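Source file: work-v2.txt. Holds: compact mmCIF, C-alpha atoms.
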```txt
# COMPACT_ATOMS: atom_id res chain seq x y z
CA MET K 1 -126.42 56.05 -58.54
CA ARG K 2 -125.92 52.74 -60.34
CA THR K 3 -122.84 54.13 -61.94
CA LEU K 4 -121.43 54.86 -58.52
CA GLU K 5 -122.25 51.39 -57.30
CA HIS K 6 -120.74 49.93 -60.36
CA ARG K 7 -117.54 51.82 -59.76
CA VAL K 8 -117.49 50.76 -56.14
CA GLU K 9 -117.92 47.16 -57.18
CA SER K 10 -115.12 47.56 -59.71
CA LEU K 11 -112.89 49.05 -57.05
CA GLU K 12 -113.75 46.28 -54.65
CA SER K 13 -113.04 43.71 -57.35
CA LEU K 14 -109.74 45.33 -58.15
CA LEU K 15 -108.93 45.62 -54.47
CA GLY K 16 -109.75 41.96 -54.03
CA GLN K 17 -107.54 40.98 -56.89
CA PHE K 18 -104.79 43.21 -55.52
CA ILE K 19 -105.10 41.61 -52.14
CA VAL K 20 -105.09 38.15 -53.66
CA ASN K 21 -102.09 38.95 -55.83
CA THR K 22 -100.32 40.62 -52.94
CA ASP K 23 -100.99 37.60 -50.73
CA ILE K 24 -99.66 35.30 -53.42
CA ALA K 25 -96.58 37.49 -53.86
CA LEU K 26 -96.05 37.63 -50.12
CA ARG K 27 -96.37 33.88 -49.80
CA ARG K 28 -93.94 33.38 -52.70
CA LEU K 29 -91.56 35.92 -51.10
CA GLU K 30 -91.96 34.21 -47.75
CA SER K 31 -91.24 30.84 -49.38
CA GLU K 32 -88.15 32.24 -51.12
CA MET K 33 -87.06 33.93 -47.88
CA GLN K 34 -87.47 30.60 -46.08
CA LYS K 35 -85.34 28.86 -48.69
CA PHE K 36 -82.77 31.66 -48.45
CA ARG K 37 -82.73 31.36 -44.67
CA GLU K 38 -82.37 27.58 -44.89
CA GLU K 39 -79.52 27.86 -47.43
CA ALA K 40 -77.93 30.63 -45.37
CA GLU K 41 -78.22 28.48 -42.24
CA LYS K 42 -76.76 25.55 -44.09
CA ASP K 43 -73.87 27.72 -45.36
CA ARG K 44 -73.40 29.14 -41.86
CA LYS K 45 -73.23 25.66 -40.33
CA ALA K 46 -70.83 24.51 -43.07
CA PHE K 47 -68.68 27.61 -42.47
CA GLU K 48 -68.77 27.08 -38.73
CA GLU K 49 -67.78 23.44 -39.21
CA ARG K 50 -64.90 24.45 -41.51
CA LEU K 51 -63.92 27.20 -39.07
CA GLN K 52 -64.02 24.72 -36.18
CA ARG K 53 -61.89 22.26 -38.09
CA TYR K 54 -59.45 25.04 -38.97
CA ILE K 55 -59.32 26.14 -35.32
CA GLU K 56 -58.77 22.55 -34.18
CA GLU K 57 -56.07 21.94 -36.80
CA SER K 58 -54.46 25.27 -35.97
CA GLU K 59 -54.51 24.40 -32.28
CA LYS K 60 -53.03 21.00 -33.07
CA ASP K 61 -50.32 22.59 -35.23
CA ARG K 62 -49.67 25.19 -32.52
CA ARG K 63 -49.26 22.50 -29.89
CA ALA K 64 -47.03 20.45 -32.20
CA PHE K 65 -44.98 23.55 -32.95
CA GLN K 66 -44.71 24.31 -29.23
CA ASP K 67 -43.58 20.74 -28.59
CA GLU K 68 -41.00 21.00 -31.39
CA MET K 69 -39.82 24.36 -30.08
CA ARG K 70 -39.57 22.95 -26.56
CA ALA K 71 -37.58 19.98 -27.84
CA PHE K 72 -35.40 22.31 -29.94
CA LYS K 73 -34.78 24.53 -26.90
CA ASP K 74 -33.85 21.45 -24.86
CA GLU K 75 -31.47 20.34 -27.62
CA MET K 76 -29.97 23.82 -27.83
CA ARG K 77 -29.56 23.91 -24.06
CA ALA K 78 -27.85 20.50 -24.16
CA PHE K 79 -25.70 21.67 -27.09
CA LYS K 80 -24.69 24.82 -25.18
CA ASP K 81 -23.78 22.65 -22.19
CA GLU K 82 -21.73 20.39 -24.47
CA MET K 83 -20.05 23.41 -26.07
CA ARG K 84 -19.29 24.84 -22.64
CA ALA K 85 -17.79 21.50 -21.59
CA PHE K 86 -15.87 21.32 -24.90
CA LYS K 87 -14.52 24.85 -24.39
CA ASP K 88 -13.45 23.91 -20.89
CA GLU K 89 -11.73 20.80 -22.25
CA MET K 90 -10.05 22.83 -25.00
CA ARG K 91 -8.92 25.40 -22.44
CA ALA K 92 -7.49 22.62 -20.30
CA PHE K 93 -5.88 21.06 -23.40
CA LYS K 94 -4.32 24.40 -24.38
CA ASP K 95 -2.99 24.80 -20.86
CA GLU K 96 -1.53 21.30 -21.04
CA MET K 97 -0.03 22.01 -24.47
CA ARG K 98 1.44 25.27 -23.19
CA ALA K 99 2.95 23.42 -20.24
CA PHE K 100 4.17 20.67 -22.61
CA LYS K 101 5.77 23.27 -24.92
CA ASP K 102 7.47 24.86 -21.94
CA GLU K 103 8.72 21.44 -20.86
CA MET K 104 9.89 20.65 -24.41
CA LYS K 105 11.68 24.00 -24.66
CA GLU K 106 13.34 23.34 -21.33
CA PHE K 107 14.22 19.82 -22.50
CA LYS K 108 15.62 21.14 -25.81
CA ASP K 109 17.66 23.73 -23.96
CA GLU K 110 18.99 21.01 -21.67
CA MET K 111 19.75 18.77 -24.67
CA LEU K 112 21.50 21.62 -26.49
CA GLU K 113 23.54 22.33 -23.39
CA PHE K 114 24.27 18.61 -23.01
CA LYS K 115 25.23 18.38 -26.69
CA ARG K 116 27.48 21.44 -26.35
CA ARG K 117 29.17 19.97 -23.30
CA GLN K 118 29.42 16.57 -25.00
CA GLU K 119 31.02 18.16 -28.06
CA GLU K 120 33.44 20.04 -25.84
CA GLU K 121 34.20 16.82 -23.99
CA ASN K 122 34.66 14.94 -27.29
CA ILE K 123 36.99 17.64 -28.56
CA ARG K 124 38.96 17.50 -25.33
CA LYS K 125 39.15 13.71 -25.47
CA ASN K 126 40.09 13.74 -29.16
CA LYS K 127 42.88 16.21 -28.46
CA GLU K 128 44.14 14.11 -25.55
CA TRP K 129 43.81 10.91 -27.59
CA SER K 130 45.61 12.49 -30.54
CA ALA K 131 48.40 13.78 -28.28
CA LEU K 132 48.76 10.31 -26.77
CA ALA K 133 48.71 8.64 -30.23
CA LYS K 134 51.33 11.11 -31.44
CA LYS K 135 53.47 10.46 -28.37
CA MET K 136 53.13 6.68 -28.67
CA GLY K 137 53.52 6.67 -32.45
CA THR K 138 50.13 4.96 -32.97
CA ILE K 139 48.41 7.54 -35.18
CA VAL K 140 47.68 4.96 -37.86
CA GLU K 141 46.27 2.38 -35.46
CA ASP K 142 44.32 4.75 -33.21
CA LEU K 143 43.22 7.56 -35.56
CA ILE K 144 43.59 6.63 -39.23
CA ALA K 145 42.51 2.98 -39.31
CA PRO K 146 39.16 3.40 -37.48
CA ALA K 147 38.18 6.19 -39.90
CA LEU K 148 39.14 4.45 -43.15
CA ARG K 149 36.07 2.33 -43.92
CA PRO K 150 33.41 4.99 -43.20
CA THR K 151 35.47 7.67 -44.97
CA LEU K 152 36.08 5.60 -48.11
CA SER K 153 32.44 4.56 -48.21
CA LYS K 154 31.29 8.17 -47.85
CA TYR K 155 33.57 9.79 -50.42
CA PHE K 156 34.36 7.02 -52.90
CA GLN K 157 31.29 4.74 -52.58
CA CYS K 158 33.83 2.05 -51.94
CA GLU K 159 33.25 -1.24 -50.13
CA VAL K 160 36.55 -2.15 -48.51
CA ILE K 161 37.41 -5.78 -49.23
CA MET K 162 40.96 -5.73 -47.88
CA GLU K 163 42.80 -3.62 -45.35
CA GLY K 164 46.15 -3.68 -43.59
CA GLN K 165 48.57 -1.63 -41.51
CA ARG K 166 52.33 -1.35 -41.53
CA ILE K 167 52.58 -3.26 -44.82
CA PHE K 168 56.17 -4.26 -45.62
CA ARG K 169 57.52 -5.55 -48.93
CA ARG K 170 61.11 -6.37 -50.02
CA LYS K 171 62.16 -6.71 -53.64
CA ASN K 172 65.65 -7.13 -55.00
CA GLY K 173 67.06 -6.22 -51.59
CA GLU K 174 65.07 -2.99 -51.43
CA ASP K 175 62.54 -2.33 -48.64
CA TYR K 176 59.14 -0.70 -49.22
CA GLU K 177 56.76 0.01 -46.33
CA ILE K 178 53.32 1.63 -46.29
CA ASP K 179 51.61 2.85 -43.12
CA ALA K 180 48.20 1.52 -44.22
CA ILE K 181 46.52 0.08 -47.30
CA ALA K 182 42.87 -0.47 -48.22
CA GLY K 183 41.39 -1.99 -51.32
CA CYS K 184 38.05 -2.01 -53.11
CA GLU K 185 36.94 -3.79 -56.27
CA ASP K 186 38.52 -1.23 -58.63
CA LYS K 187 40.48 1.08 -56.30
CA ILE K 188 43.54 0.72 -54.07
CA PHE K 189 44.30 3.28 -51.37
CA MET K 190 47.82 4.08 -50.21
CA ILE K 191 47.71 5.77 -46.79
CA GLU K 192 50.71 7.48 -45.26
CA ALA K 193 50.66 9.19 -41.86
CA ARG K 194 52.92 11.76 -40.15
CA SER K 195 52.65 13.24 -36.68
CA THR K 196 53.81 16.67 -37.88
CA PRO K 197 53.01 16.95 -41.60
CA LYS K 198 55.21 19.15 -43.79
CA VAL K 199 55.45 19.97 -47.49
CA GLU K 200 58.51 17.75 -47.71
CA ASP K 201 56.37 14.81 -46.51
CA VAL K 202 53.97 15.40 -49.40
CA LYS K 203 56.86 15.35 -51.88
CA GLU K 204 58.20 12.14 -50.34
CA ILE K 205 54.79 10.41 -50.43
CA LYS K 206 54.20 11.48 -54.04
CA LYS K 207 57.59 10.08 -55.05
CA LYS K 208 56.96 6.89 -53.07
CA SER K 209 53.56 6.32 -54.75
CA LYS K 210 55.18 6.09 -58.21
CA ARG K 211 56.71 2.71 -57.24
CA PHE K 212 53.58 1.33 -55.55
CA PHE K 213 52.63 -1.18 -58.26
CA GLU K 214 56.25 -2.26 -58.51
CA PHE K 215 56.00 -3.70 -54.97
CA PHE K 216 52.26 -4.52 -55.11
CA PRO K 217 51.79 -5.92 -58.63
CA GLU K 218 48.67 -7.85 -57.56
CA HIS K 219 46.78 -4.52 -57.59
CA THR K 220 47.85 -3.52 -61.08
CA GLY K 221 44.91 -2.21 -63.09
CA LYS K 222 43.21 -0.59 -60.12
CA GLU K 223 43.05 3.16 -59.58
CA LEU K 224 45.66 4.26 -57.04
CA ILE K 225 44.41 6.88 -54.58
CA ILE K 226 46.85 8.51 -52.16
CA ILE K 227 45.75 9.66 -48.70
CA PHE K 228 47.98 11.61 -46.33
CA GLY K 229 46.79 11.29 -42.74
CA SER K 230 47.66 13.19 -39.58
CA ILE K 231 46.15 14.84 -36.50
CA ILE K 232 45.98 18.36 -37.96
CA PHE K 233 47.36 19.95 -41.13
CA PRO K 234 48.86 23.40 -41.72
CA GLU K 235 47.02 25.25 -44.48
CA ASN K 236 50.10 25.40 -46.73
CA VAL K 237 50.49 21.60 -46.56
CA ILE K 238 46.83 21.10 -47.50
CA LYS K 239 47.21 23.40 -50.50
CA TYR K 240 50.37 21.67 -51.69
CA ALA K 241 48.86 18.18 -51.24
CA THR K 242 45.83 19.32 -53.23
CA LYS K 243 48.07 20.43 -56.12
CA GLN K 244 49.70 17.00 -56.05
CA GLY K 245 46.33 15.22 -56.14
CA ILE K 246 46.75 13.83 -52.63
CA TYR K 247 43.84 13.70 -50.19
CA VAL K 248 44.50 14.80 -46.60
CA LEU K 249 42.76 13.02 -43.72
CA ALA K 250 42.65 14.72 -40.29
CA TRP K 251 40.39 15.96 -37.51
CA ARG K 252 37.68 18.33 -38.71
CA GLU K 253 37.29 20.86 -35.88
CA TRP K 254 38.45 18.10 -33.53
CA GLN K 255 35.08 16.38 -33.90
CA TYR K 256 35.68 13.60 -36.44
CA MET K 257 38.29 12.37 -38.92
CA ASP K 258 37.51 13.62 -42.41
CA ILE K 259 39.04 14.31 -45.82
CA LEU K 260 39.65 18.06 -45.77
CA ASN K 261 40.25 18.68 -49.48
CA PHE K 262 38.08 16.09 -51.25
CA ASP K 263 36.19 18.46 -53.58
CA LYS K 264 39.32 20.35 -54.62
CA VAL K 265 41.29 17.20 -55.43
CA LYS K 266 38.26 15.58 -57.11
CA SER K 267 37.81 18.58 -59.42
CA LYS K 268 41.44 18.51 -60.62
```
Just give me the structure as structure tokens.
Amino acid sequence: MRTLEHRVESLESLLGQFIVNTDIALRRLESEMQKFREEAEKDRKAFEERLQRYIEESEKDRRAFQDEMRAFKDEMRAFKDEMRAFKDEMRAFKDEMRAFKDEMKEFKDEMLEFKRRQEEENIRKNKEWSALAKKMGTIVEDLIAPALRPTLSKYFQCEVIMEGQRIFRRKNGEDYEIDAIAGCEDKIFMIEARSTPKVEDVKEIKKKSKRFFEFFPEHTGKELIIIFGSIIFPENVIKYATKQGIYVLAWREWQYMDILNFDKVKSK
């Protein structure tokens, strides 16, 4: 009986210790759970605060982005309007340029027609003038003399320092007359003119030139250049004059007085 009581007391003692230990463990667990809950709550609040700040910053960024996009759209709309206006201006400018080109083409055509008519009129006048000069015997005065200075300057780089027409000299009872004469620093030009040039005229002028310095000794030492002038020249006369080293001066296509065989004589 005592053994049974002793065992019961031992069980009760063990049960008491178990209860005490269990209570202590539960209290410790409850304390740890409280700390965990407090830390978890603290972490939750910190997370919520960070999340709230993130949401607020995101909202702020979203609004700023929307404002920027709105401003960008407004700028793009204004740019499109400007581009539309620019295209309209360019279209108008192209139309004006097209009209201007048409006007310029019409003007050029008119000028070409005017130039053609003017050239025809000049040719007609030159022919009439030449016929009148031939009839009046004034070829030198009316045709040759006005062309001398520009022609000599063009072909011989010569600045004319003296010029004369119908130059007459007499020596030892012998007469010597030249239709025109022109002089530069180192060149002297003997110009003879005929209304109807022939090969015989070339021969005569060539022969006459050999006595030039005899009657004009003041030009001795200068290069003597012979020019045969007329209204028009037959081809055979031009060829013969070229062989003799004589330049021929006449109308070129009835447009202007010119030396017709300069390069051929120059290359001899």
List the spatial neighbours of region 145-151 of chain K as number ranges by chain - criterion: any atom at most 12 Å away, only C-alpha atoms, same-chain residues fewer than 6 positions off excluded.
K: 138-139, 157-166, 179-184, 189-193, 227-230, 247-251, 256-260, 262
K:Lys198, K:Arg211, K:Arg252, K:Lys154 ranked by distance to Lys239 (chain K), top pick (using all atoms listed in the file):
K:Lys198
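As for CA of Glu200 (chain K) and CA of Leu143 (chain K), they are spaced 22.0 Å apart.
As for CA of Glu185 (chain K) and CA of Thr242 (chain K), they are spaced 24.9 Å apart.
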Using Å and a single decimal, report how far CA of Pro217 (chain K) sits from CA of Arg169 (chain K).
11.3 Å
Test item: write region 213-228 of chain K with all heavy atoms as a PDB file, in the first residue's frame:
```
ATOM      1  N   PHE K 213      59.684 101.527-146.452  1.00  0.00           N
ATOM      2  CA  PHE K 213      60.639 102.248-145.606  1.00  0.00           C
ATOM      3  C   PHE K 213      61.434 103.298-146.394  1.00  0.00           C
ATOM      4  O   PHE K 213      62.015 104.206-145.789  1.00  0.00           O
ATOM      5  CB  PHE K 213      61.589 101.263-144.922  1.00  0.00           C
ATOM      6  CG  PHE K 213      60.912 100.398-143.902  1.00  0.00           C
ATOM      7  CD1 PHE K 213      60.781  99.036-144.113  1.00  0.00           C
ATOM      8  CD2 PHE K 213      60.384 100.949-142.735  1.00  0.00           C
ATOM      9  CE1 PHE K 213      60.161  98.233-143.177  1.00  0.00           C
ATOM     10  CE2 PHE K 213      59.757 100.141-141.791  1.00  0.00           C
ATOM     11  CZ  PHE K 213      59.627  98.782-142.000  1.00  0.00           C
ATOM     12  N   GLU K 214      61.413 103.145-147.707  1.00  0.00           N
ATOM     13  CA  GLU K 214      62.073 104.159-148.545  1.00  0.00           C
ATOM     14  C   GLU K 214      61.334 105.497-148.437  1.00  0.00           C
ATOM     15  O   GLU K 214      61.971 106.554-148.396  1.00  0.00           O
ATOM     16  CB  GLU K 214      62.097 103.681-150.002  1.00  0.00           C
ATOM     17  CG  GLU K 214      62.783 104.640-150.966  1.00  0.00           C
ATOM     18  CD  GLU K 214      62.746 104.132-152.397  1.00  0.00           C
ATOM     19  OE1 GLU K 214      62.499 102.908-152.595  1.00  0.00           O
ATOM     20  OE2 GLU K 214      62.949 104.953-153.317  1.00  0.00           O
ATOM     21  N   PHE K 215      59.995 105.443-148.348  1.00  0.00           N
ATOM     22  CA  PHE K 215      59.198 106.664-148.250  1.00  0.00           C
ATOM     23  C   PHE K 215      58.822 107.009-146.805  1.00  0.00           C
ATOM     24  O   PHE K 215      58.385 108.124-146.519  1.00  0.00           O
ATOM     25  CB  PHE K 215      57.930 106.519-149.101  1.00  0.00           C
ATOM     26  CG  PHE K 215      58.179 106.569-150.572  1.00  0.00           C
ATOM     27  CD1 PHE K 215      58.471 105.407-151.287  1.00  0.00           C
ATOM     28  CD2 PHE K 215      58.176 107.785-151.250  1.00  0.00           C
ATOM     29  CE1 PHE K 215      58.724 105.465-152.668  1.00  0.00           C
ATOM     30  CE2 PHE K 215      58.423 107.839-152.617  1.00  0.00           C
ATOM     31  CZ  PHE K 215      58.706 106.673-153.327  1.00  0.00           C
ATOM     32  N   PHE K 216      58.961 106.011-145.893  1.00  0.00           N
ATOM     33  CA  PHE K 216      58.673 106.264-144.473  1.00  0.00           C
ATOM     34  C   PHE K 216      59.875 105.828-143.633  1.00  0.00           C
ATOM     35  O   PHE K 216      59.794 104.885-142.836  1.00  0.00           O
ATOM     36  CB  PHE K 216      57.409 105.503-144.026  1.00  0.00           C
ATOM     37  CG  PHE K 216      56.147 105.972-144.702  1.00  0.00           C
ATOM     38  CD1 PHE K 216      55.722 105.386-145.888  1.00  0.00           C
ATOM     39  CD2 PHE K 216      55.393 107.006-144.162  1.00  0.00           C
ATOM     40  CE1 PHE K 216      54.566 105.811-146.518  1.00  0.00           C
ATOM     41  CE2 PHE K 216      54.234 107.435-144.785  1.00  0.00           C
ATOM     42  CZ  PHE K 216      53.822 106.848-145.973  1.00  0.00           C
ATOM     43  N   PRO K 217      61.004 106.478-143.801  1.00  0.00           N
ATOM     44  CA  PRO K 217      62.230 106.059-143.104  1.00  0.00           C
ATOM     45  C   PRO K 217      62.124 106.224-141.589  1.00  0.00           C
ATOM     46  O   PRO K 217      62.904 105.593-140.856  1.00  0.00           O
ATOM     47  CB  PRO K 217      63.298 106.991-143.700  1.00  0.00           C
ATOM     48  CG  PRO K 217      62.533 108.199-144.169  1.00  0.00           C
ATOM     49  CD  PRO K 217      61.217 107.672-144.653  1.00  0.00           C
ATOM     50  N   GLU K 218      61.209 107.059-141.113  1.00  0.00           N
ATOM     51  CA  GLU K 218      61.082 107.260-139.664  1.00  0.00           C
ATOM     52  C   GLU K 218      60.610 105.997-138.930  1.00  0.00           C
ATOM     53  O   GLU K 218      60.707 105.903-137.703  1.00  0.00           O
ATOM     54  CB  GLU K 218      60.114 108.427-139.360  1.00  0.00           C
ATOM     55  CG  GLU K 218      58.657 108.171-139.738  1.00  0.00           C
ATOM     56  CD  GLU K 218      58.325 108.548-141.176  1.00  0.00           C
ATOM     57  OE1 GLU K 218      59.262 108.605-142.007  1.00  0.00           O
ATOM     58  OE2 GLU K 218      57.140 108.779-141.471  1.00  0.00           O
ATOM     59  N   HIS K 219      60.103 105.012-139.697  1.00  0.00           N
ATOM     60  CA  HIS K 219      59.629 103.764-139.084  1.00  0.00           C
ATOM     61  C   HIS K 219      60.610 102.609-139.282  1.00  0.00           C
ATOM     62  O   HIS K 219      60.279 101.455-138.960  1.00  0.00           O
ATOM     63  CB  HIS K 219      58.271 103.371-139.664  1.00  0.00           C
ATOM     64  CG  HIS K 219      57.194 104.381-139.415  1.00  0.00           C
ATOM     65  ND1 HIS K 219      56.772 104.721-138.147  1.00  0.00           N
ATOM     66  CD2 HIS K 219      56.459 105.145-140.286  1.00  0.00           C
ATOM     67  CE1 HIS K 219      55.818 105.639-138.241  1.00  0.00           C
ATOM     68  NE2 HIS K 219      55.612 105.917-139.523  1.00  0.00           N
ATOM     69  N   THR K 220      61.780 102.945-139.797  1.00  0.00           N
ATOM     70  CA  THR K 220      62.794 101.904-139.999  1.00  0.00           C
ATOM     71  C   THR K 220      63.131 101.227-138.663  1.00  0.00           C
ATOM     72  O   THR K 220      63.280 101.885-137.635  1.00  0.00           O
ATOM     73  CB  THR K 220      64.079 102.509-140.600  1.00  0.00           C
ATOM     74  OG1 THR K 220      63.749 103.132-141.843  1.00  0.00           O
ATOM     75  CG2 THR K 220      65.127 101.434-140.831  1.00  0.00           C
ATOM     76  N   GLY K 221      63.248  99.914-138.700  1.00  0.00           N
ATOM     77  CA  GLY K 221      63.531  99.150-137.490  1.00  0.00           C
ATOM     78  C   GLY K 221      62.294  98.488-136.905  1.00  0.00           C
ATOM     79  O   GLY K 221      62.391  97.561-136.102  1.00  0.00           O
ATOM     80  N   LYS K 222      61.127  98.942-137.328  1.00  0.00           N
ATOM     81  CA  LYS K 222      59.887  98.327-136.864  1.00  0.00           C
ATOM     82  C   LYS K 222      59.498  97.172-137.795  1.00  0.00           C
ATOM     83  O   LYS K 222      59.898  97.134-138.960  1.00  0.00           O
ATOM     84  CB  LYS K 222      58.748  99.356-136.839  1.00  0.00           C
ATOM     85  CG  LYS K 222      58.935 100.457-135.803  1.00  0.00           C
ATOM     86  CD  LYS K 222      57.723 101.385-135.785  1.00  0.00           C
ATOM     87  CE  LYS K 222      57.905 102.478-134.745  1.00  0.00           C
ATOM     88  NZ  LYS K 222      56.731 103.391-134.683  1.00  0.00           N
ATOM     89  N   GLU K 223      58.709  96.279-137.290  1.00  0.00           N
ATOM     90  CA  GLU K 223      58.204  95.171-138.108  1.00  0.00           C
ATOM     91  C   GLU K 223      57.075  95.685-139.000  1.00  0.00           C
ATOM     92  O   GLU K 223      56.106  96.271-138.510  1.00  0.00           O
ATOM     93  CB  GLU K 223      57.686  94.042-137.214  1.00  0.00           C
ATOM     94  CG  GLU K 223      57.102  92.873-137.994  1.00  0.00           C
ATOM     95  CD  GLU K 223      56.452  91.827-137.104  1.00  0.00           C
ATOM     96  OE1 GLU K 223      56.435  92.029-135.855  1.00  0.00           O
ATOM     97  OE2 GLU K 223      55.954  90.818-137.641  1.00  0.00           O
ATOM     98  N   LEU K 224      57.190  95.461-140.292  1.00  0.00           N
ATOM     99  CA  LEU K 224      56.158  95.891-141.239  1.00  0.00           C
ATOM    100  C   LEU K 224      55.134  94.767-141.414  1.00  0.00           C
ATOM    101  O   LEU K 224      55.488  93.634-141.773  1.00  0.00           O
ATOM    102  CB  LEU K 224      56.781  96.241-142.596  1.00  0.00           C
ATOM    103  CG  LEU K 224      55.777  96.630-143.693  1.00  0.00           C
ATOM    104  CD1 LEU K 224      55.007  97.892-143.304  1.00  0.00           C
ATOM    105  CD2 LEU K 224      56.494  96.830-145.033  1.00  0.00           C
ATOM    106  N   ILE K 225      53.888  95.090-141.176  1.00  0.00           N
ATOM    107  CA  ILE K 225      52.793  94.123-141.313  1.00  0.00           C
ATOM    108  C   ILE K 225      51.812  94.679-142.350  1.00  0.00           C
ATOM    109  O   ILE K 225      51.342  95.809-142.232  1.00  0.00           O
ATOM    110  CB  ILE K 225      52.088  93.887-139.975  1.00  0.00           C
ATOM    111  CG1 ILE K 225      53.070  93.282-138.960  1.00  0.00           C
ATOM    112  CG2 ILE K 225      50.881  92.965-140.147  1.00  0.00           C
ATOM    113  CD1 ILE K 225      52.523  93.129-137.568  1.00  0.00           C
ATOM    114  N   ILE K 226      51.508  93.846-143.362  1.00  0.00           N
ATOM    115  CA  ILE K 226      50.653  94.286-144.462  1.00  0.00           C
ATOM    116  C   ILE K 226      49.241  93.743-144.260  1.00  0.00           C
ATOM    117  O   ILE K 226      49.052  92.539-144.000  1.00  0.00           O
ATOM    118  CB  ILE K 226      51.206  93.800-145.817  1.00  0.00           C
ATOM    119  CG1 ILE K 226      52.692  94.156-145.935  1.00  0.00           C
ATOM    120  CG2 ILE K 226      50.417  94.391-146.974  1.00  0.00           C
ATOM    121  CD1 ILE K 226      53.393  93.445-147.070  1.00  0.00           C
ATOM    122  N   ILE K 227      48.254  94.626-144.401  1.00  0.00           N
ATOM    123  CA  ILE K 227      46.850  94.234-144.287  1.00  0.00           C
ATOM    124  C   ILE K 227      46.111  94.682-145.538  1.00  0.00           C
ATOM    125  O   ILE K 227      46.206  95.847-145.939  1.00  0.00           O
ATOM    126  CB  ILE K 227      46.196  94.840-143.032  1.00  0.00           C
ATOM    127  CG1 ILE K 227      46.878  94.308-141.759  1.00  0.00           C
ATOM    128  CG2 ILE K 227      44.702  94.537-142.992  1.00  0.00           C
ATOM    129  CD1 ILE K 227      46.337  94.894-140.474  1.00  0.00           C
ATOM    130  N   PHE K 228      45.400  93.751-146.143  1.00  0.00           N
ATOM    131  CA  PHE K 228      44.612  94.022-147.336  1.00  0.00           C
ATOM    132  C   PHE K 228      43.138  94.028-146.916  1.00  0.00           C
ATOM    133  O   PHE K 228      42.605  93.027-146.461  1.00  0.00           O
ATOM    134  CB  PHE K 228      44.877  92.939-148.389  1.00  0.00           C
ATOM    135  CG  PHE K 228      44.220  93.180-149.716  1.00  0.00           C
ATOM    136  CD1 PHE K 228      43.648  94.406-150.041  1.00  0.00           C
ATOM    137  CD2 PHE K 228      44.177  92.161-150.669  1.00  0.00           C
ATOM    138  CE1 PHE K 228      43.057  94.622-151.288  1.00  0.00           C
ATOM    139  CE2 PHE K 228      43.588  92.370-151.912  1.00  0.00           C
ATOM    140  CZ  PHE K 228      43.026  93.607-152.213  1.00  0.00           C
TER     141      PHE K 228
END
```
